[in-house]
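Single-structure report; data block below.
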Amino acid sequence: MSTAVIPTLSTTYRLGWWVLLGISVLSVLSYVVLIFVAPNSVDSLIAWATFSFYAVFVVLIPYRRGERWAWYLTWVLVVPPVVLSLNDRDAAPYFLASVGLTVIGQLLTRGAFFPRADRTRVG
(Lines give C-alpha, C1' and ligand atoms only; values in the text may rest on other atoms or scores of the structure.)
Protein backbone atom coordinates (compact mmCIF):
# COMPACT_ATOMS: atom_id res chain seq x y z
CA MET A 1 0.00 0.00 0.00
CA SER A 2 1.37 3.41 -0.85
CA THR A 3 0.66 5.53 2.17
CA ALA A 4 2.43 8.81 2.62
CA VAL A 5 3.47 9.46 6.16
CA ILE A 6 2.20 12.90 7.08
CA PRO A 7 3.70 13.51 10.52
CA THR A 8 2.50 17.08 10.91
CA LEU A 9 -0.19 18.40 8.67
CA SER A 10 0.94 21.62 7.07
CA THR A 11 -1.34 24.60 6.74
CA THR A 12 -1.44 24.21 2.96
CA TYR A 13 -2.43 20.56 3.30
CA ARG A 14 -5.21 21.40 5.75
CA LEU A 15 -6.49 24.20 3.54
CA GLY A 16 -6.49 21.96 0.47
CA TRP A 17 -8.17 19.13 2.37
CA TRP A 18 -10.92 21.45 3.63
CA VAL A 19 -11.47 22.78 0.11
CA LEU A 20 -11.87 19.22 -1.22
CA LEU A 21 -14.17 18.23 1.63
CA GLY A 22 -16.26 21.37 1.20
CA ILE A 23 -16.66 20.86 -2.55
CA SER A 24 -17.64 17.22 -2.01
CA VAL A 25 -20.21 18.02 0.69
CA LEU A 26 -21.66 20.93 -1.29
CA SER A 27 -21.96 18.66 -4.32
CA VAL A 28 -23.95 16.11 -2.34
CA LEU A 29 -26.22 18.80 -0.94
CA SER A 30 -26.81 20.47 -4.29
CA TYR A 31 -27.70 17.23 -6.05
CA VAL A 32 -30.03 16.17 -3.23
CA VAL A 33 -31.81 19.54 -3.39
CA LEU A 34 -32.05 19.28 -7.17
CA ILE A 35 -33.74 15.90 -6.82
CA PHE A 36 -36.70 17.71 -5.28
CA VAL A 37 -36.51 20.77 -7.54
CA ALA A 38 -36.19 18.91 -10.85
CA PRO A 39 -38.03 15.60 -10.40
CA ASN A 40 -37.97 14.85 -14.15
CA SER A 41 -34.24 14.04 -13.98
CA VAL A 42 -34.23 12.30 -10.63
CA ASP A 43 -32.35 9.20 -11.87
CA SER A 44 -29.28 11.08 -13.06
CA LEU A 45 -29.32 13.35 -10.02
CA ILE A 46 -29.34 10.34 -7.69
CA ALA A 47 -26.35 8.97 -9.58
CA TRP A 48 -24.43 12.25 -9.27
CA ALA A 49 -25.35 12.56 -5.58
CA THR A 50 -24.13 9.01 -4.94
CA PHE A 51 -20.87 9.75 -6.72
CA SER A 52 -20.38 12.87 -4.62
CA PHE A 53 -21.28 10.99 -1.43
CA TYR A 54 -18.58 8.45 -2.27
CA ALA A 55 -16.13 11.33 -2.78
CA VAL A 56 -16.89 12.61 0.72
CA PHE A 57 -15.92 9.25 2.20
CA VAL A 58 -12.72 9.04 0.13
CA VAL A 59 -11.68 12.53 1.25
CA LEU A 60 -12.64 11.86 4.89
CA ILE A 61 -10.89 8.54 5.41
CA PRO A 62 -8.12 7.39 3.02
CA TYR A 63 -7.22 10.87 1.76
CA ARG A 64 -6.86 12.13 5.31
CA ARG A 65 -4.66 9.12 6.14
CA GLY A 66 -2.34 10.06 3.29
CA GLU A 67 -3.01 7.08 1.05
CA ARG A 68 -1.61 7.98 -2.33
CA TRP A 69 -4.26 6.13 -4.32
CA ALA A 70 -6.88 8.45 -2.79
CA TRP A 71 -4.96 11.47 -4.13
CA TYR A 72 -5.04 10.00 -7.63
CA LEU A 73 -8.69 8.99 -7.32
CA THR A 74 -9.69 12.46 -6.21
CA TRP A 75 -8.76 13.78 -9.66
CA VAL A 76 -11.88 11.96 -10.87
CA LEU A 77 -13.94 14.58 -9.01
CA VAL A 78 -13.39 17.02 -11.87
CA VAL A 79 -15.20 14.79 -14.37
CA PRO A 80 -18.86 15.30 -13.30
CA PRO A 81 -18.72 19.11 -13.27
CA VAL A 82 -17.04 19.17 -16.68
CA VAL A 83 -19.64 16.79 -18.13
CA LEU A 84 -22.48 18.77 -16.59
CA SER A 85 -21.06 22.06 -17.86
CA LEU A 86 -21.07 20.65 -21.38
CA ASN A 87 -24.75 19.80 -21.03
CA ASP A 88 -25.89 23.05 -19.40
CA ARG A 89 -24.20 26.21 -20.66
CA ASP A 90 -26.08 28.42 -18.19
CA ALA A 91 -24.69 26.56 -15.19
CA ALA A 92 -21.21 26.05 -16.70
CA PRO A 93 -19.54 28.84 -14.69
CA TYR A 94 -20.65 27.23 -11.43
CA PHE A 95 -19.52 23.77 -12.47
CA LEU A 96 -16.18 25.06 -13.73
CA ALA A 97 -15.65 27.01 -10.50
CA SER A 98 -16.06 23.68 -8.71
CA VAL A 99 -13.42 22.18 -10.99
CA GLY A 100 -11.07 25.08 -10.27
CA LEU A 101 -11.47 24.71 -6.52
CA THR A 102 -10.91 20.95 -6.75
CA VAL A 103 -7.70 21.47 -8.71
CA ILE A 104 -6.51 24.06 -6.18
CA GLY A 105 -7.30 21.68 -3.31
CA GLN A 106 -5.41 18.86 -5.00
CA LEU A 107 -2.38 21.01 -5.72
CA LEU A 108 -2.29 22.32 -2.14
CA THR A 109 -2.14 18.77 -0.77
CA ARG A 110 0.35 17.45 -3.32
CA GLY A 111 3.39 18.14 -1.14
CA ALA A 112 2.14 15.80 1.58
CA PHE A 113 1.64 12.90 -0.83
CA PHE A 114 4.78 13.47 -2.90
CA PRO A 115 7.52 14.88 -0.70
CA ARG A 116 10.62 16.33 -2.32
CA ALA A 117 13.65 14.10 -2.71
CA ASP A 118 15.66 16.01 -0.10
CA ARG A 119 13.23 14.87 2.61
CA THR A 120 13.23 11.26 3.72
CA ARG A 121 10.04 9.34 3.08
CA VAL A 122 8.94 6.55 5.34
CA GLY A 123 6.55 3.87 4.13
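Ligands are numbered from 1 in the order shown, residues from 1 within each chain, and chains are lettered A, B, ... in the order they appear in the C-alpha coordinates.
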Need to verify the contact set: stretch 43-46 of chain A, 12 Å, only C-alpha atoms, exclusion of same-chain residues closer than 2 positions in sequence. Can you return it as a list in words?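 Result of the neighbour search: Ser27, Val28, Leu29, Ser30, Tyr31, Val32, Val33, Leu34, Ile35, Phe36, Val37, Ala38, Pro39, Asn40, Ser41, Trp48, Ala49, Thr50, Phe51, Ser52, Phe53, Pro80 and Leu84 of chain A.
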Just list as a tab-separated table (two decimals) with N, CA and C atoms, in the first residue's frame whatever in stretch 8-123 of chain A DSSP marks as alpha helix (DSSP H).
chain	number	residue	atom	x	y	z
A	11	THR	N	-0.20	23.71	6.94
A	11	THR	CA	-1.34	24.60	6.74
A	11	THR	C	-1.87	24.48	5.32
A	12	THR	N	-0.98	24.35	4.34
A	12	THR	CA	-1.44	24.21	2.96
A	12	THR	C	-2.19	22.91	2.75
A	13	TYR	N	-1.71	21.84	3.40
A	13	TYR	CA	-2.43	20.56	3.30
A	13	TYR	C	-3.83	20.68	3.91
A	14	ARG	N	-3.90	21.26	5.08
A	14	ARG	CA	-5.21	21.40	5.75
A	14	ARG	C	-6.16	22.25	4.91
A	15	LEU	N	-5.65	23.34	4.38
A	15	LEU	CA	-6.49	24.20	3.54
A	15	LEU	C	-6.99	23.44	2.31
A	16	GLY	N	-6.09	22.74	1.64
A	16	GLY	CA	-6.49	21.96	0.47
A	16	GLY	C	-7.48	20.87	0.82
A	17	TRP	N	-7.26	20.20	1.96
A	17	TRP	CA	-8.17	19.13	2.37
A	17	TRP	C	-9.55	19.70	2.66
A	18	TRP	N	-9.62	20.84	3.34
A	18	TRP	CA	-10.92	21.45	3.63
A	18	TRP	C	-11.63	21.90	2.36
A	19	VAL	N	-10.86	22.39	1.40
A	19	VAL	CA	-11.47	22.78	0.11
A	19	VAL	C	-12.09	21.56	-0.55
A	20	LEU	N	-11.35	20.45	-0.59
A	20	LEU	CA	-11.87	19.22	-1.22
A	20	LEU	C	-13.09	18.68	-0.47
A	21	LEU	N	-13.03	18.70	0.85
A	21	LEU	CA	-14.17	18.23	1.63
A	21	LEU	C	-15.38	19.13	1.41
A	22	GLY	N	-15.16	20.43	1.41
A	22	GLY	CA	-16.26	21.37	1.20
A	22	GLY	C	-16.91	21.20	-0.16
A	23	ILE	N	-16.11	21.06	-1.20
A	23	ILE	CA	-16.66	20.86	-2.55
A	23	ILE	C	-17.46	19.57	-2.61
A	24	SER	N	-16.94	18.51	-1.99
A	24	SER	CA	-17.64	17.22	-2.01
A	24	SER	C	-18.98	17.30	-1.27
A	25	VAL	N	-18.97	17.90	-0.10
A	25	VAL	CA	-20.21	18.02	0.69
A	25	VAL	C	-21.22	18.92	-0.02
A	26	LEU	N	-20.75	20.03	-0.56
A	26	LEU	CA	-21.66	20.93	-1.29
A	26	LEU	C	-22.24	20.25	-2.53
A	27	SER	N	-21.45	19.40	-3.16
A	27	SER	CA	-21.96	18.66	-4.32
A	27	SER	C	-23.09	17.73	-3.92
A	28	VAL	N	-22.89	17.01	-2.82
A	28	VAL	CA	-23.95	16.11	-2.34
A	28	VAL	C	-25.21	16.92	-2.04
A	29	LEU	N	-25.05	18.00	-1.31
A	29	LEU	CA	-26.22	18.80	-0.94
A	29	LEU	C	-26.93	19.39	-2.16
A	30	SER	N	-26.17	19.87	-3.12
A	30	SER	CA	-26.81	20.47	-4.29
A	30	SER	C	-27.56	19.44	-5.11
A	31	TYR	N	-26.99	18.25	-5.28
A	31	TYR	CA	-27.70	17.23	-6.05
A	31	TYR	C	-28.94	16.72	-5.32
A	32	VAL	N	-28.86	16.61	-4.00
A	32	VAL	CA	-30.03	16.17	-3.23
A	32	VAL	C	-31.14	17.22	-3.33
A	33	VAL	N	-30.80	18.48	-3.25
A	33	VAL	CA	-31.81	19.54	-3.39
A	33	VAL	C	-32.41	19.51	-4.79
A	34	LEU	N	-31.56	19.32	-5.79
A	34	LEU	CA	-32.05	19.28	-7.17
A	34	LEU	C	-32.98	18.10	-7.44
A	35	ILE	N	-32.83	17.03	-6.68
A	35	ILE	CA	-33.74	15.90	-6.82
A	35	ILE	C	-35.18	16.34	-6.57
A	36	PHE	N	-35.36	17.23	-5.61
A	36	PHE	CA	-36.70	17.71	-5.28
A	36	PHE	C	-37.14	18.87	-6.17
A	37	VAL	N	-36.19	19.62	-6.69
A	37	VAL	CA	-36.51	20.77	-7.54
A	37	VAL	C	-36.81	20.34	-8.98
A	42	VAL	N	-34.58	12.83	-11.94
A	42	VAL	CA	-34.23	12.30	-10.63
A	42	VAL	C	-33.21	11.16	-10.73
A	43	ASP	N	-33.28	10.33	-11.76
A	43	ASP	CA	-32.35	9.20	-11.87
A	43	ASP	C	-30.91	9.66	-12.00
A	44	SER	N	-30.66	10.61	-12.89
A	44	SER	CA	-29.28	11.08	-13.06
A	44	SER	C	-28.81	11.87	-11.84
A	45	LEU	N	-29.71	12.59	-11.21
A	45	LEU	CA	-29.32	13.35	-10.02
A	45	LEU	C	-28.97	12.43	-8.85
A	46	ILE	N	-29.68	11.33	-8.73
A	46	ILE	CA	-29.34	10.34	-7.69
A	46	ILE	C	-27.96	9.76	-7.96
A	47	ALA	N	-27.67	9.50	-9.22
A	47	ALA	CA	-26.35	8.97	-9.58
A	47	ALA	C	-25.24	9.96	-9.23
A	48	TRP	N	-25.44	11.24	-9.57
A	48	TRP	CA	-24.43	12.25	-9.27
A	48	TRP	C	-24.30	12.44	-7.76
A	49	ALA	N	-25.40	12.41	-7.04
A	49	ALA	CA	-25.35	12.56	-5.58
A	49	ALA	C	-24.60	11.39	-4.94
A	50	THR	N	-24.83	10.19	-5.45
A	50	THR	CA	-24.13	9.01	-4.94
A	50	THR	C	-22.64	9.11	-5.20
A	51	PHE	N	-22.27	9.55	-6.38
A	51	PHE	CA	-20.87	9.75	-6.72
A	51	PHE	C	-20.22	10.76	-5.76
A	52	SER	N	-20.91	11.84	-5.52
A	52	SER	CA	-20.38	12.87	-4.62
A	52	SER	C	-20.30	12.38	-3.18
A	53	PHE	N	-21.28	11.57	-2.77
A	53	PHE	CA	-21.28	10.99	-1.43
A	53	PHE	C	-20.08	10.07	-1.26
A	54	TYR	N	-19.77	9.31	-2.29
A	54	TYR	CA	-18.58	8.45	-2.27
A	54	TYR	C	-17.32	9.31	-2.15
A	55	ALA	N	-17.29	10.43	-2.85
A	55	ALA	CA	-16.13	11.33	-2.78
A	55	ALA	C	-15.92	11.86	-1.37
A	56	VAL	N	-17.01	12.14	-0.66
A	56	VAL	CA	-16.89	12.61	0.72
A	56	VAL	C	-16.18	11.56	1.56
A	57	PHE	N	-16.55	10.31	1.42
A	57	PHE	CA	-15.92	9.25	2.20
A	57	PHE	C	-14.46	9.06	1.83
A	58	VAL	N	-14.12	9.17	0.55
A	58	VAL	CA	-12.72	9.04	0.13
A	58	VAL	C	-11.90	10.18	0.74
A	64	ARG	N	-7.34	11.55	4.06
A	64	ARG	CA	-6.86	12.13	5.31
A	64	ARG	C	-5.71	11.32	5.89
A	65	ARG	N	-5.74	10.00	5.68
A	65	ARG	CA	-4.66	9.12	6.14
A	65	ARG	C	-3.38	9.29	5.32
A	68	ARG	N	-1.88	7.36	-1.04
A	68	ARG	CA	-1.61	7.98	-2.33
A	68	ARG	C	-2.67	7.67	-3.38
A	69	TRP	N	-3.23	6.48	-3.35
A	69	TRP	CA	-4.26	6.13	-4.32
A	69	TRP	C	-5.46	7.06	-4.20
A	70	ALA	N	-5.75	7.53	-3.00
A	70	ALA	CA	-6.88	8.45	-2.79
A	70	ALA	C	-6.60	9.80	-3.45
A	71	TRP	N	-5.33	10.21	-3.46
A	71	TRP	CA	-4.96	11.47	-4.13
A	71	TRP	C	-5.22	11.34	-5.62
A	72	TYR	N	-4.80	10.22	-6.20
A	72	TYR	CA	-5.04	10.00	-7.63
A	72	TYR	C	-6.54	9.90	-7.93
A	73	LEU	N	-7.26	9.18	-7.10
A	73	LEU	CA	-8.69	8.99	-7.32
A	73	LEU	C	-9.47	10.30	-7.21
A	74	THR	N	-9.00	11.20	-6.39
A	74	THR	CA	-9.69	12.46	-6.21
A	74	THR	C	-9.68	13.31	-7.48
A	79	VAL	N	-14.45	15.28	-13.21
A	79	VAL	CA	-15.20	14.79	-14.37
A	79	VAL	C	-16.68	15.19	-14.35
A	80	PRO	N	-17.43	14.94	-13.27
A	80	PRO	CA	-18.86	15.30	-13.30
A	80	PRO	C	-19.13	16.77	-13.58
A	81	PRO	N	-18.42	17.71	-12.94
A	81	PRO	CA	-18.72	19.11	-13.27
A	81	PRO	C	-18.40	19.47	-14.72
A	82	VAL	N	-17.36	18.89	-15.28
A	82	VAL	CA	-17.04	19.17	-16.68
A	82	VAL	C	-18.13	18.62	-17.60
A	83	VAL	N	-18.57	17.39	-17.32
A	83	VAL	CA	-19.64	16.79	-18.13
A	83	VAL	C	-20.92	17.61	-18.01
A	84	LEU	N	-21.26	18.00	-16.79
A	84	LEU	CA	-22.48	18.77	-16.59
A	84	LEU	C	-22.39	20.16	-17.22
A	85	SER	N	-21.21	20.74	-17.23
A	85	SER	CA	-21.06	22.06	-17.86
A	85	SER	C	-21.20	21.97	-19.37
A	86	LEU	N	-20.87	20.83	-19.95
A	86	LEU	CA	-21.07	20.65	-21.38
A	86	LEU	C	-22.54	20.52	-21.73
A	87	ASN	N	-23.33	20.00	-20.80
A	87	ASN	CA	-24.75	19.80	-21.03
A	87	ASN	C	-25.60	21.03	-20.70
A	92	ALA	N	-22.63	26.36	-16.48
A	92	ALA	CA	-21.21	26.05	-16.70
A	92	ALA	C	-20.27	26.84	-15.79
A	93	PRO	N	-20.48	28.13	-15.57
A	93	PRO	CA	-19.54	28.84	-14.69
A	93	PRO	C	-19.49	28.26	-13.27
A	94	TYR	N	-20.62	27.81	-12.77
A	94	TYR	CA	-20.65	27.23	-11.43
A	94	TYR	C	-19.92	25.88	-11.40
A	95	PHE	N	-20.18	25.06	-12.41
A	95	PHE	CA	-19.52	23.77	-12.47
A	95	PHE	C	-18.01	23.93	-12.65
A	96	LEU	N	-17.61	24.86	-13.50
A	96	LEU	CA	-16.18	25.06	-13.73
A	96	LEU	C	-15.49	25.71	-12.54
A	97	ALA	N	-16.21	26.49	-11.75
A	97	ALA	CA	-15.65	27.01	-10.50
A	97	ALA	C	-15.37	25.85	-9.54
A	98	SER	N	-16.27	24.87	-9.52
A	98	SER	CA	-16.06	23.68	-8.71
A	98	SER	C	-14.81	22.93	-9.15
A	99	VAL	N	-14.62	22.83	-10.46
A	99	VAL	CA	-13.42	22.18	-10.99
A	99	VAL	C	-12.17	22.95	-10.56
A	100	GLY	N	-12.21	24.26	-10.66
A	100	GLY	CA	-11.07	25.08	-10.27
A	100	GLY	C	-10.71	24.91	-8.80
A	101	LEU	N	-11.72	24.89	-7.95
A	101	LEU	CA	-11.47	24.71	-6.52
A	101	LEU	C	-10.93	23.31	-6.22
A	102	THR	N	-11.41	22.31	-6.94
A	102	THR	CA	-10.91	20.95	-6.75
A	102	THR	C	-9.44	20.86	-7.14
A	103	VAL	N	-9.10	21.47	-8.26
A	103	VAL	CA	-7.70	21.47	-8.71
A	103	VAL	C	-6.82	22.20	-7.70
A	104	ILE	N	-7.28	23.33	-7.19
A	104	ILE	CA	-6.51	24.06	-6.18
A	104	ILE	C	-6.32	23.20	-4.93
A	105	GLY	N	-7.40	22.56	-4.48
A	105	GLY	CA	-7.30	21.68	-3.31
A	105	GLY	C	-6.31	20.55	-3.52
A	106	GLN	N	-6.35	19.94	-4.69
A	106	GLN	CA	-5.41	18.86	-5.00
A	106	GLN	C	-3.97	19.36	-5.01
A	107	LEU	N	-3.74	20.49	-5.63
A	107	LEU	CA	-2.38	21.01	-5.72
A	107	LEU	C	-1.85	21.44	-4.35
A	108	LEU	N	-2.72	21.95	-3.49
A	108	LEU	CA	-2.29	22.32	-2.14
A	108	LEU	C	-1.87	21.12	-1.31
A	109	THR	N	-2.47	19.97	-1.55
A	109	THR	CA	-2.14	18.77	-0.77
A	109	THR	C	-1.04	17.92	-1.40
A	110	ARG	N	-0.62	18.26	-2.59
A	110	ARG	CA	0.35	17.45	-3.32
A	110	ARG	C	1.65	17.22	-2.54
A	111	GLY	N	2.13	18.24	-1.88
A	111	GLY	CA	3.39	18.14	-1.14
A	111	GLY	C	3.38	17.08	-0.06
A	112	ALA	N	2.24	16.82	0.53
A	112	ALA	CA	2.14	15.80	1.58
A	112	ALA	C	2.20	14.39	0.99
A	113	PHE	N	1.66	14.22	-0.21
A	113	PHE	CA	1.64	12.90	-0.83
A	113	PHE	C	2.92	12.60	-1.60
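A straight line drawn from atom CA of A:Leu77 to atom CA of A:Tyr63 is 13.2 Å long.
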